[in-house]
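Undergrad: As input, take structure_35.tsv (TSV, N, CA and C atoms):
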```tsv
chain	number	residue	atom	x	y	z
A	1	MET	N	-114.55	62.98	-57.61
A	1	MET	CA	-114.35	62.45	-56.28
A	1	MET	C	-112.92	62.79	-55.84
A	2	LYS	N	-112.79	63.18	-54.58
A	2	LYS	CA	-111.48	63.53	-54.03
A	2	LYS	C	-111.17	62.65	-52.82
A	3	ILE	N	-109.98	62.05	-52.87
A	3	ILE	CA	-109.54	61.17	-51.79
A	3	ILE	C	-108.22	61.69	-51.26
A	4	VAL	N	-108.11	61.73	-49.94
A	4	VAL	CA	-106.87	62.12	-49.29
A	4	VAL	C	-106.19	60.86	-48.77
A	5	VAL	N	-104.93	60.68	-49.14
A	5	VAL	CA	-104.13	59.57	-48.64
A	5	VAL	C	-103.16	60.16	-47.63
A	6	ALA	N	-103.36	59.79	-46.37
A	6	ALA	CA	-102.57	60.34	-45.27
A	6	ALA	C	-101.78	59.23	-44.60
A	7	VAL	N	-100.85	58.68	-45.35
A	7	VAL	CA	-99.95	57.65	-44.81
A	7	VAL	C	-98.53	58.08	-45.12
A	8	ASN	N	-97.62	57.64	-44.29
A	8	ASN	CA	-96.21	57.96	-44.55
A	8	ASN	C	-95.80	57.38	-45.90
A	9	ASN	N	-94.88	58.06	-46.58
A	9	ASN	CA	-94.41	57.56	-47.86
A	9	ASN	C	-93.92	56.14	-47.72
A	10	ASP	N	-94.59	55.24	-48.40
A	10	ASP	CA	-94.25	53.82	-48.33
A	10	ASP	C	-94.36	53.24	-49.72
A	11	PRO	N	-93.28	52.73	-50.27
A	11	PRO	CA	-93.33	52.16	-51.62
A	11	PRO	C	-94.37	51.05	-51.77
A	12	GLN	N	-94.74	50.41	-50.66
A	12	GLN	CA	-95.73	49.33	-50.73
A	12	GLN	C	-97.12	49.83	-51.11
A	13	THR	N	-97.38	51.13	-50.98
A	13	THR	CA	-98.71	51.66	-51.31
A	13	THR	C	-98.78	52.20	-52.74
A	14	ILE	N	-97.67	52.19	-53.47
A	14	ILE	CA	-97.64	52.77	-54.82
A	14	ILE	C	-98.65	52.13	-55.77
A	15	PRO	N	-98.77	50.79	-55.86
A	15	PRO	CA	-99.77	50.23	-56.77
A	15	PRO	C	-101.19	50.69	-56.43
A	16	PHE	N	-101.47	50.82	-55.15
A	16	PHE	CA	-102.78	51.27	-54.68
A	16	PHE	C	-103.05	52.71	-55.11
A	17	THR	N	-102.12	53.61	-54.79
A	17	THR	CA	-102.35	55.02	-55.11
A	17	THR	C	-102.30	55.27	-56.62
A	18	ASP	N	-101.45	54.54	-57.33
A	18	ASP	CA	-101.42	54.69	-58.79
A	18	ASP	C	-102.78	54.35	-59.39
A	19	HIS	N	-103.41	53.30	-58.89
A	19	HIS	CA	-104.73	52.92	-59.41
A	19	HIS	C	-105.77	53.98	-59.06
A	20	LEU	N	-105.75	54.47	-57.83
A	20	LEU	CA	-106.70	55.52	-57.45
A	20	LEU	C	-106.57	56.73	-58.36
A	21	GLU	N	-105.32	57.12	-58.64
A	21	GLU	CA	-105.08	58.33	-59.42
A	21	GLU	C	-105.57	58.22	-60.86
A	22	LYS	N	-105.83	57.03	-61.34
A	22	LYS	CA	-106.39	56.85	-62.69
A	22	LYS	C	-107.85	57.29	-62.75
A	23	TYR	N	-108.53	57.28	-61.59
A	23	TYR	CA	-109.98	57.48	-61.58
A	23	TYR	C	-110.47	58.68	-60.77
A	24	VAL	N	-109.69	59.09	-59.78
A	24	VAL	CA	-110.15	60.17	-58.90
A	24	VAL	C	-108.98	61.11	-58.60
A	25	GLU	N	-109.33	62.26	-58.05
A	25	GLU	CA	-108.30	63.21	-57.62
A	25	GLU	C	-107.77	62.76	-56.25
A	26	VAL	N	-106.46	62.55	-56.19
A	26	VAL	CA	-105.84	62.07	-54.96
A	26	VAL	C	-104.90	63.14	-54.42
A	27	HIS	N	-105.06	63.42	-53.13
A	27	HIS	CA	-104.16	64.35	-52.45
A	27	HIS	C	-103.33	63.55	-51.45
A	28	HIS	N	-102.03	63.64	-51.57
A	28	HIS	CA	-101.13	63.00	-50.61
A	28	HIS	C	-100.80	64.03	-49.54
A	29	VAL	N	-101.12	63.71	-48.30
A	29	VAL	CA	-100.97	64.64	-47.19
A	29	VAL	C	-100.25	63.92	-46.05
A	30	ALA	N	-99.40	64.65	-45.38
A	30	ALA	CA	-98.73	64.08	-44.20
A	30	ALA	C	-99.78	63.69	-43.17
A	31	PRO	N	-99.57	62.59	-42.47
A	31	PRO	CA	-100.53	62.19	-41.45
A	31	PRO	C	-100.41	63.04	-40.19
A	32	SER	N	-100.83	64.29	-40.32
A	32	SER	CA	-100.82	65.20	-39.17
A	32	SER	C	-102.16	65.92	-39.12
A	33	TYR	N	-102.58	66.27	-37.93
A	33	TYR	CA	-103.86	66.94	-37.77
A	33	TYR	C	-103.90	68.25	-38.56
A	34	ASP	N	-102.85	69.04	-38.47
A	34	ASP	CA	-102.84	70.33	-39.16
A	34	ASP	C	-102.97	70.18	-40.67
A	35	ALA	N	-102.21	69.25	-41.25
A	35	ALA	CA	-102.26	69.05	-42.70
A	35	ALA	C	-103.62	68.56	-43.15
A	36	LEU	N	-104.18	67.62	-42.41
A	36	LEU	CA	-105.48	67.09	-42.78
A	36	LEU	C	-106.59	68.11	-42.55
A	37	HIS	N	-106.53	68.80	-41.44
A	37	HIS	CA	-107.55	69.81	-41.15
A	37	HIS	C	-107.55	70.89	-42.24
A	38	LYS	N	-106.37	71.28	-42.67
A	38	LYS	CA	-106.26	72.31	-43.71
A	38	LYS	C	-106.95	71.89	-45.00
A	39	ILE	N	-106.72	70.65	-45.44
A	39	ILE	CA	-107.32	70.23	-46.71
A	39	ILE	C	-108.82	69.98	-46.60
A	40	VAL	N	-109.28	69.41	-45.49
A	40	VAL	CA	-110.72	69.13	-45.40
A	40	VAL	C	-111.55	70.38	-45.18
A	41	THR	N	-110.94	71.44	-44.69
A	41	THR	CA	-111.69	72.69	-44.58
A	41	THR	C	-111.62	73.52	-45.86
A	42	ALA	N	-110.66	73.21	-46.73
A	42	ALA	CA	-110.50	73.96	-47.97
A	42	ALA	C	-111.23	73.33	-49.16
A	43	GLU	N	-111.44	72.01	-49.12
A	43	GLU	CA	-112.01	71.31	-50.26
A	43	GLU	C	-113.04	70.29	-49.79
A	44	LYS	N	-113.93	69.90	-50.71
A	44	LYS	CA	-114.87	68.82	-50.41
A	44	LYS	C	-114.14	67.50	-50.63
A	45	ILE	N	-113.90	66.80	-49.56
A	45	ILE	CA	-113.17	65.53	-49.59
A	45	ILE	C	-114.17	64.40	-49.39
A	46	ASN	N	-114.10	63.40	-50.25
A	46	ASN	CA	-115.01	62.26	-50.15
A	46	ASN	C	-114.51	61.18	-49.20
A	47	ALA	N	-113.18	61.01	-49.14
A	47	ALA	CA	-112.64	59.95	-48.29
A	47	ALA	C	-111.23	60.29	-47.84
A	48	ILE	N	-110.89	59.80	-46.66
A	48	ILE	CA	-109.53	59.90	-46.13
A	48	ILE	C	-109.06	58.48	-45.85
A	49	ILE	N	-107.87	58.18	-46.33
A	49	ILE	CA	-107.26	56.88	-46.07
A	49	ILE	C	-106.07	57.12	-45.15
A	50	GLY	N	-106.13	56.50	-43.99
A	50	GLY	CA	-105.06	56.63	-43.01
A	50	GLY	C	-104.51	55.26	-42.67
A	51	SER	N	-103.67	55.23	-41.66
A	51	SER	CA	-103.14	53.94	-41.22
A	51	SER	C	-103.47	53.74	-39.75
A	52	ALA	N	-103.49	52.48	-39.35
A	52	ALA	CA	-103.84	52.15	-37.96
A	52	ALA	C	-102.87	52.78	-36.97
A	53	GLU	N	-101.64	53.01	-37.39
A	53	GLU	CA	-100.68	53.64	-36.48
A	53	GLU	C	-101.06	55.08	-36.17
A	54	ASN	N	-101.94	55.66	-36.98
A	54	ASN	CA	-102.43	57.02	-36.74
A	54	ASN	C	-103.92	57.01	-36.39
A	55	LEU	N	-104.36	55.94	-35.75
A	55	LEU	CA	-105.78	55.79	-35.45
A	55	LEU	C	-106.33	56.93	-34.60
A	56	GLU	N	-105.59	57.39	-33.62
A	56	GLU	CA	-106.10	58.48	-32.77
A	56	GLU	C	-106.31	59.75	-33.59
A	57	LEU	N	-105.44	60.02	-34.53
A	57	LEU	CA	-105.59	61.16	-35.43
A	57	LEU	C	-106.86	61.00	-36.27
A	58	ILE	N	-107.07	59.82	-36.83
A	58	ILE	CA	-108.26	59.57	-37.64
A	58	ILE	C	-109.52	59.71	-36.79
A	59	LYS	N	-109.50	59.19	-35.58
A	59	LYS	CA	-110.66	59.32	-34.70
A	59	LYS	C	-110.98	60.79	-34.41
A	60	ALA	N	-109.95	61.61	-34.21
A	60	ALA	CA	-110.16	63.04	-33.96
A	60	ALA	C	-110.81	63.70	-35.18
A	61	LEU	N	-110.38	63.31	-36.36
A	61	LEU	CA	-110.97	63.87	-37.59
A	61	LEU	C	-112.41	63.42	-37.75
A	62	ILE	N	-112.68	62.16	-37.45
A	62	ILE	CA	-114.05	61.65	-37.58
A	62	ILE	C	-114.99	62.43	-36.69
A	63	ILE	N	-114.55	62.74	-35.49
A	63	ILE	CA	-115.39	63.50	-34.57
A	63	ILE	C	-115.69	64.89	-35.13
A	64	GLU	N	-114.70	65.52	-35.74
A	64	GLU	CA	-114.89	66.87	-36.28
A	64	GLU	C	-115.53	66.88	-37.67
A	65	PHE	N	-115.22	65.85	-38.47
A	65	PHE	CA	-115.72	65.79	-39.85
A	65	PHE	C	-116.39	64.43	-40.10
A	66	PRO	N	-117.54	64.19	-39.48
A	66	PRO	CA	-118.15	62.86	-39.57
A	66	PRO	C	-118.73	62.50	-40.93
A	67	MET	N	-118.91	63.44	-41.83
A	67	MET	CA	-119.51	63.15	-43.13
A	67	MET	C	-118.49	62.68	-44.16
A	68	ILE	N	-117.22	62.70	-43.82
A	68	ILE	CA	-116.19	62.17	-44.71
A	68	ILE	C	-116.10	60.67	-44.46
A	69	ASN	N	-115.83	59.92	-45.50
A	69	ASN	CA	-115.65	58.47	-45.38
A	69	ASN	C	-114.20	58.18	-45.04
A	70	TYR	N	-113.98	57.21	-44.17
A	70	TYR	CA	-112.63	56.89	-43.71
A	70	TYR	C	-112.32	55.41	-43.91
A	71	ALA	N	-111.08	55.14	-44.33
A	71	ALA	CA	-110.57	53.77	-44.45
A	71	ALA	C	-109.20	53.74	-43.80
A	72	LEU	N	-108.80	52.56	-43.33
A	72	LEU	CA	-107.51	52.43	-42.64
A	72	LEU	C	-106.71	51.26	-43.18
A	73	LEU	N	-105.42	51.48	-43.34
A	73	LEU	CA	-104.48	50.40	-43.59
A	73	LEU	C	-104.19	49.76	-42.24
A	74	SER	N	-104.39	48.45	-42.16
A	74	SER	CA	-104.19	47.78	-40.88
A	74	SER	C	-103.92	46.30	-41.09
A	75	SER	N	-102.99	45.78	-40.31
A	75	SER	CA	-102.70	44.35	-40.35
A	75	SER	C	-103.48	43.59	-39.29
A	76	ALA	N	-104.33	44.26	-38.55
A	76	ALA	CA	-105.11	43.61	-37.49
A	76	ALA	C	-106.08	42.60	-38.09
A	77	SER	N	-106.42	41.60	-37.30
A	77	SER	CA	-107.46	40.66	-37.74
A	77	SER	C	-108.77	41.43	-37.87
A	78	ALA	N	-109.71	40.86	-38.58
A	78	ALA	CA	-111.00	41.52	-38.77
A	78	ALA	C	-111.67	41.81	-37.42
A	79	ASP	N	-111.59	40.86	-36.51
A	79	ASP	CA	-112.20	41.07	-35.18
A	79	ASP	C	-111.50	42.17	-34.40
A	80	ASP	N	-110.17	42.18	-34.42
A	80	ASP	CA	-109.42	43.22	-33.72
A	80	ASP	C	-109.66	44.59	-34.34
A	81	PHE	N	-109.72	44.63	-35.67
A	81	PHE	CA	-109.99	45.89	-36.36
A	81	PHE	C	-111.36	46.42	-35.95
A	82	HIS	N	-112.33	45.54	-35.92
A	82	HIS	CA	-113.68	45.95	-35.51
A	82	HIS	C	-113.67	46.51	-34.09
A	83	GLU	N	-112.98	45.84	-33.19
A	83	GLU	CA	-112.90	46.29	-31.80
A	83	GLU	C	-112.26	47.67	-31.68
A	84	MET	N	-111.16	47.89	-32.40
A	84	MET	CA	-110.44	49.16	-32.25
A	84	MET	C	-111.10	50.32	-32.98
A	85	THR	N	-112.00	50.04	-33.92
A	85	THR	CA	-112.65	51.13	-34.66
A	85	THR	C	-114.15	51.21	-34.40
A	86	GLU	N	-114.66	50.34	-33.57
A	86	GLU	CA	-116.10	50.29	-33.33
A	86	GLU	C	-116.65	51.66	-32.91
A	87	GLY	N	-117.74	52.04	-33.55
A	87	GLY	CA	-118.39	53.29	-33.21
A	87	GLY	C	-117.90	54.49	-34.00
A	88	TYR	N	-116.87	54.31	-34.81
A	88	TYR	CA	-116.33	55.44	-35.55
A	88	TYR	C	-116.73	55.44	-37.03
A	89	GLY	N	-117.37	54.41	-37.51
A	89	GLY	CA	-117.88	54.41	-38.88
A	89	GLY	C	-116.83	54.30	-39.95
A	90	ILE	N	-115.71	53.70	-39.64
A	90	ILE	CA	-114.68	53.49	-40.67
A	90	ILE	C	-115.22	52.42	-41.61
A	91	PHE	N	-115.30	52.75	-42.90
A	91	PHE	CA	-116.01	51.88	-43.82
A	91	PHE	C	-115.18	50.75	-44.40
A	92	MET	N	-113.84	50.80	-44.26
A	92	MET	CA	-113.05	49.76	-44.90
A	92	MET	C	-111.70	49.58	-44.23
A	93	GLN	N	-111.33	48.32	-44.07
A	93	GLN	CA	-109.98	47.96	-43.64
A	93	GLN	C	-109.19	47.56	-44.88
A	94	LEU	N	-108.02	48.17	-45.05
A	94	LEU	CA	-107.14	47.85	-46.17
A	94	LEU	C	-105.90	47.15	-45.63
A	95	PRO	N	-105.29	46.29	-46.44
A	95	PRO	CA	-104.05	45.66	-45.98
A	95	PRO	C	-102.93	46.69	-45.89
A	96	PRO	N	-101.87	46.40	-45.12
A	96	PRO	CA	-100.76	47.36	-44.98
A	96	PRO	C	-100.05	47.68	-46.29
A	97	ALA	N	-100.09	46.75	-47.24
A	97	ALA	CA	-99.49	46.97	-48.57
A	97	ALA	C	-100.60	46.80	-49.62
A	98	PRO	N	-101.52	47.78	-49.68
A	98	PRO	CA	-102.67	47.63	-50.58
A	98	PRO	C	-102.24	47.65	-52.05
A	99	GLN	N	-102.97	46.91	-52.86
A	99	GLN	CA	-102.68	46.78	-54.28
A	99	GLN	C	-103.78	47.43	-55.11
A	100	ALA	N	-103.63	47.37	-56.41
A	100	ALA	CA	-104.60	47.97	-57.33
A	100	ALA	C	-106.00	47.41	-57.10
A	101	GLU	N	-106.11	46.10	-56.86
A	101	GLU	CA	-107.44	45.52	-56.65
A	101	GLU	C	-108.08	46.04	-55.37
A	102	ASP	N	-107.29	46.38	-54.37
A	102	ASP	CA	-107.83	47.00	-53.15
A	102	ASP	C	-108.35	48.40	-53.46
A	103	ALA	N	-107.62	49.12	-54.30
A	103	ALA	CA	-108.06	50.46	-54.70
A	103	ALA	C	-109.37	50.39	-55.47
A	104	GLN	N	-109.48	49.41	-56.36
A	104	GLN	CA	-110.71	49.25	-57.13
A	104	GLN	C	-111.89	48.94	-56.22
A	105	LYS	N	-111.68	48.06	-55.26
A	105	LYS	CA	-112.76	47.73	-54.32
A	105	LYS	C	-113.16	48.97	-53.51
A	106	LEU	N	-112.17	49.74	-53.06
A	106	LEU	CA	-112.45	50.97	-52.32
A	106	LEU	C	-113.27	51.93	-53.17
A	107	LEU	N	-112.89	52.11	-54.43
A	107	LEU	CA	-113.62	53.00	-55.33
A	107	LEU	C	-115.06	52.54	-55.53
A	108	GLU	N	-115.25	51.24	-55.68
A	108	GLU	CA	-116.60	50.71	-55.87
A	108	GLU	C	-117.46	50.95	-54.63
A	109	ILE	N	-116.89	50.73	-53.46
A	109	ILE	CA	-117.64	50.97	-52.22
A	109	ILE	C	-117.96	52.45	-52.08
A	110	LEU	N	-116.97	53.31	-52.33
A	110	LEU	CA	-117.22	54.76	-52.24
A	110	LEU	C	-118.28	55.21	-53.23
A	111	GLN	N	-118.23	54.65	-54.43
A	111	GLN	CA	-119.24	55.00	-55.43
A	111	GLN	C	-120.63	54.61	-54.94
A	112	THR	N	-120.74	53.45	-54.34
A	112	THR	CA	-122.02	53.00	-53.80
A	112	THR	C	-122.48	53.91	-52.67
A	113	ILE	N	-121.57	54.27	-51.78
A	113	ILE	CA	-121.90	55.18	-50.68
A	113	ILE	C	-122.35	56.53	-51.22
A	114	THR	N	-121.61	57.05	-52.17
A	114	THR	CA	-121.92	58.35	-52.76
A	114	THR	C	-123.28	58.32	-53.45
A	115	LEU	N	-123.55	57.25	-54.19
A	115	LEU	CA	-124.83	57.14	-54.89
A	115	LEU	C	-125.98	56.95	-53.92
A	116	ALA	N	-125.73	56.30	-52.80
A	116	ALA	CA	-126.78	56.17	-51.80
A	116	ALA	C	-127.16	57.54	-51.26
A	117	ASP	N	-126.16	58.44	-51.17
A	117	ASP	CA	-126.42	59.80	-50.70
A	117	ASP	C	-127.23	60.60	-51.72
A	118	THR	N	-126.92	60.40	-53.03
A	118	THR	CA	-127.57	61.19	-54.06
A	118	THR	C	-128.72	60.45	-54.73
A	119	GLY	N	-128.62	59.10	-54.80
A	119	GLY	CA	-129.65	58.31	-55.45
A	119	GLY	C	-129.77	58.57	-56.93
A	120	SER	N	-128.69	59.03	-57.59
A	120	SER	CA	-128.83	59.50	-58.96
A	120	SER	C	-128.31	58.57	-60.05
A	121	GLN	N	-127.37	57.69	-59.78
A	121	GLN	CA	-126.78	56.86	-60.82
A	121	GLN	C	-126.55	55.47	-60.31
A	122	LYS	N	-126.22	54.57	-61.25
A	122	LYS	CA	-125.88	53.21	-60.87
A	122	LYS	C	-124.43	53.16	-60.40
A	123	ALA	N	-124.13	52.30	-59.46
A	123	ALA	CA	-122.76	52.13	-58.98
A	123	ALA	C	-121.85	51.74	-60.13
A	124	GLY	N	-120.69	52.35	-60.18
A	124	GLY	CA	-119.70	52.02	-61.20
A	124	GLY	C	-119.75	52.91	-62.42
A	125	ASP	N	-120.81	53.73	-62.59
A	125	ASP	CA	-120.91	54.57	-63.77
A	125	ASP	C	-119.78	55.55	-63.93
A	126	ASN	N	-119.24	56.04	-62.83
A	126	ASN	CA	-118.21	57.07	-62.91
A	126	ASN	C	-116.82	56.56	-62.65
A	127	LEU	N	-116.63	55.26	-62.58
A	127	LEU	CA	-115.29	54.72	-62.33
A	127	LEU	C	-114.52	54.62	-63.60
```
Would you mind giving the structure from this file in structure tokens?
TA:
Amino acid sequence: MKIVVAVNNDPQTIPFTDHLEKYVEVHHVAPSYDALHKIVTAEKINAIIGSAENLELIKALIIEFPMINYALLSSASADDFHEMTEGYGIFMQLPPAPQAEDAQKLLEILQTITLADTGSQKAGDNL
């Protein structure tokens, strides 16, 4: 599984990305259209994690690459997050300073989504 983390370098995300890197291939990419477009056209990417401050960028990517799973770091309330992302299929809201347990939850959800696509294994087998 390959996950792209497209957030500005922030020490608050280190526990989150460290946990992801134990289980999947993680690419750290600048939150720019060119950088993200380059990686998603070169490799099969399972998920992109962005931040709410780059929501318009993420929406543009979703329109062009709708089969990739997207999650956002956001401090918005659940209702506000739903309103601002409605219709775009963003599968998860993460806190602005996500921790290892947030990474584990994200991996479990992605595994379930991936298995639903293939129908081949039980969730959690590859974590």
Undergrad: What does the structure give for the distance between CA of Met1 (chain A) and CA of Ser51 (chain A), in Å to one decimal?
TA: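 A separation of 20.6 Å between them.
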Undergrad: For a quick check of your reading of the model, name the residues lying within 7 Å of the coordinate (-103.0, 46.1, -46.0), counting only C-alpha atoms, and write them as a PyMOL selection string.
TA: chain A and resi 73-75+94-98
Undergrad: Enumerate as JSON, numbers by chain all residues of region 54-120 of chain A assigned to strand (DSSP E) by DSSP on the backbone, naming them with the chain letters and numbers the document uses.
TA: {"A": [69, 70, 71, 72, 73, 92, 93, 94]}
Undergrad: May I ask for the distance between CA of His19 (chain A) and CA of Ile39 (chain A), given in Å to one decimal place?
TA: 21.6 Å
Undergrad: Have a look at A:Leu106, A:His82, A:Ala100, A:Pro31 and name the one nearest to Pro15 (chain A); count only N, CA and C atoms.
TA: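 Looking at the shortest contact to Pro15 (chain A), the residue is A:Ala100.
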Undergrad: What does the distance from CA of Ile45 (chain A) to atom C of Glu101 (chain A) come to in Å, to one decimal?
TA: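 For CA of Ile45 (chain A) relative to atom C of Glu101 (chain A), the distance reads 21.0 Å.
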Undergrad: Taking 3 positions as the minimum chain separation for residues in the same chain, which residues sit within 6.5 Å of Gln99 (chain A) when counting only N, CA and C atoms? Answer as a ChimeraX atom specification.
TA: /A:15-17,102-104
Undergrad: Let me make sure I understand: among A:Ala71, A:His27, A:Ser32, A:Gln12, which one has the smallest atom-to-atom distance to Ala52 (chain A) if we use all atoms listed in the file?
TA: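 Of A:Ala71, A:His27, A:Ser32, A:Gln12, the one nearest Ala52 (chain A) is A:Ala71, counting all atoms listed in the file.
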Undergrad: Have a look at A:Gln93, A:Phe65, A:Leu36, A:Lys22 and name the one nearest to Ser77 (chain A); count only C-alpha atoms.
TA: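 That would be A:Gln93, the residue with the smallest distance to Ser77 (chain A).
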Undergrad: From the list A:Ile58, A:Ile90, A:Leu107, A:Val40, which residue is nearest Leu20 (chain A) when using only N, CA and C atoms?
TA: A:Leu107
Undergrad: What are the centre and the three edge lengths of an axis-aligned box that wraps all atoms of region 93-99 of chain A in the file, given that 3 Å is added to every side, written as JSON and rounded to one decimal in Å?
TA:
```
{"center_x": -105.4, "center_y": 47.0, "center_z": -49.4, "size_x": 17.8, "size_y": 8.7, "size_z": 17.5}
```
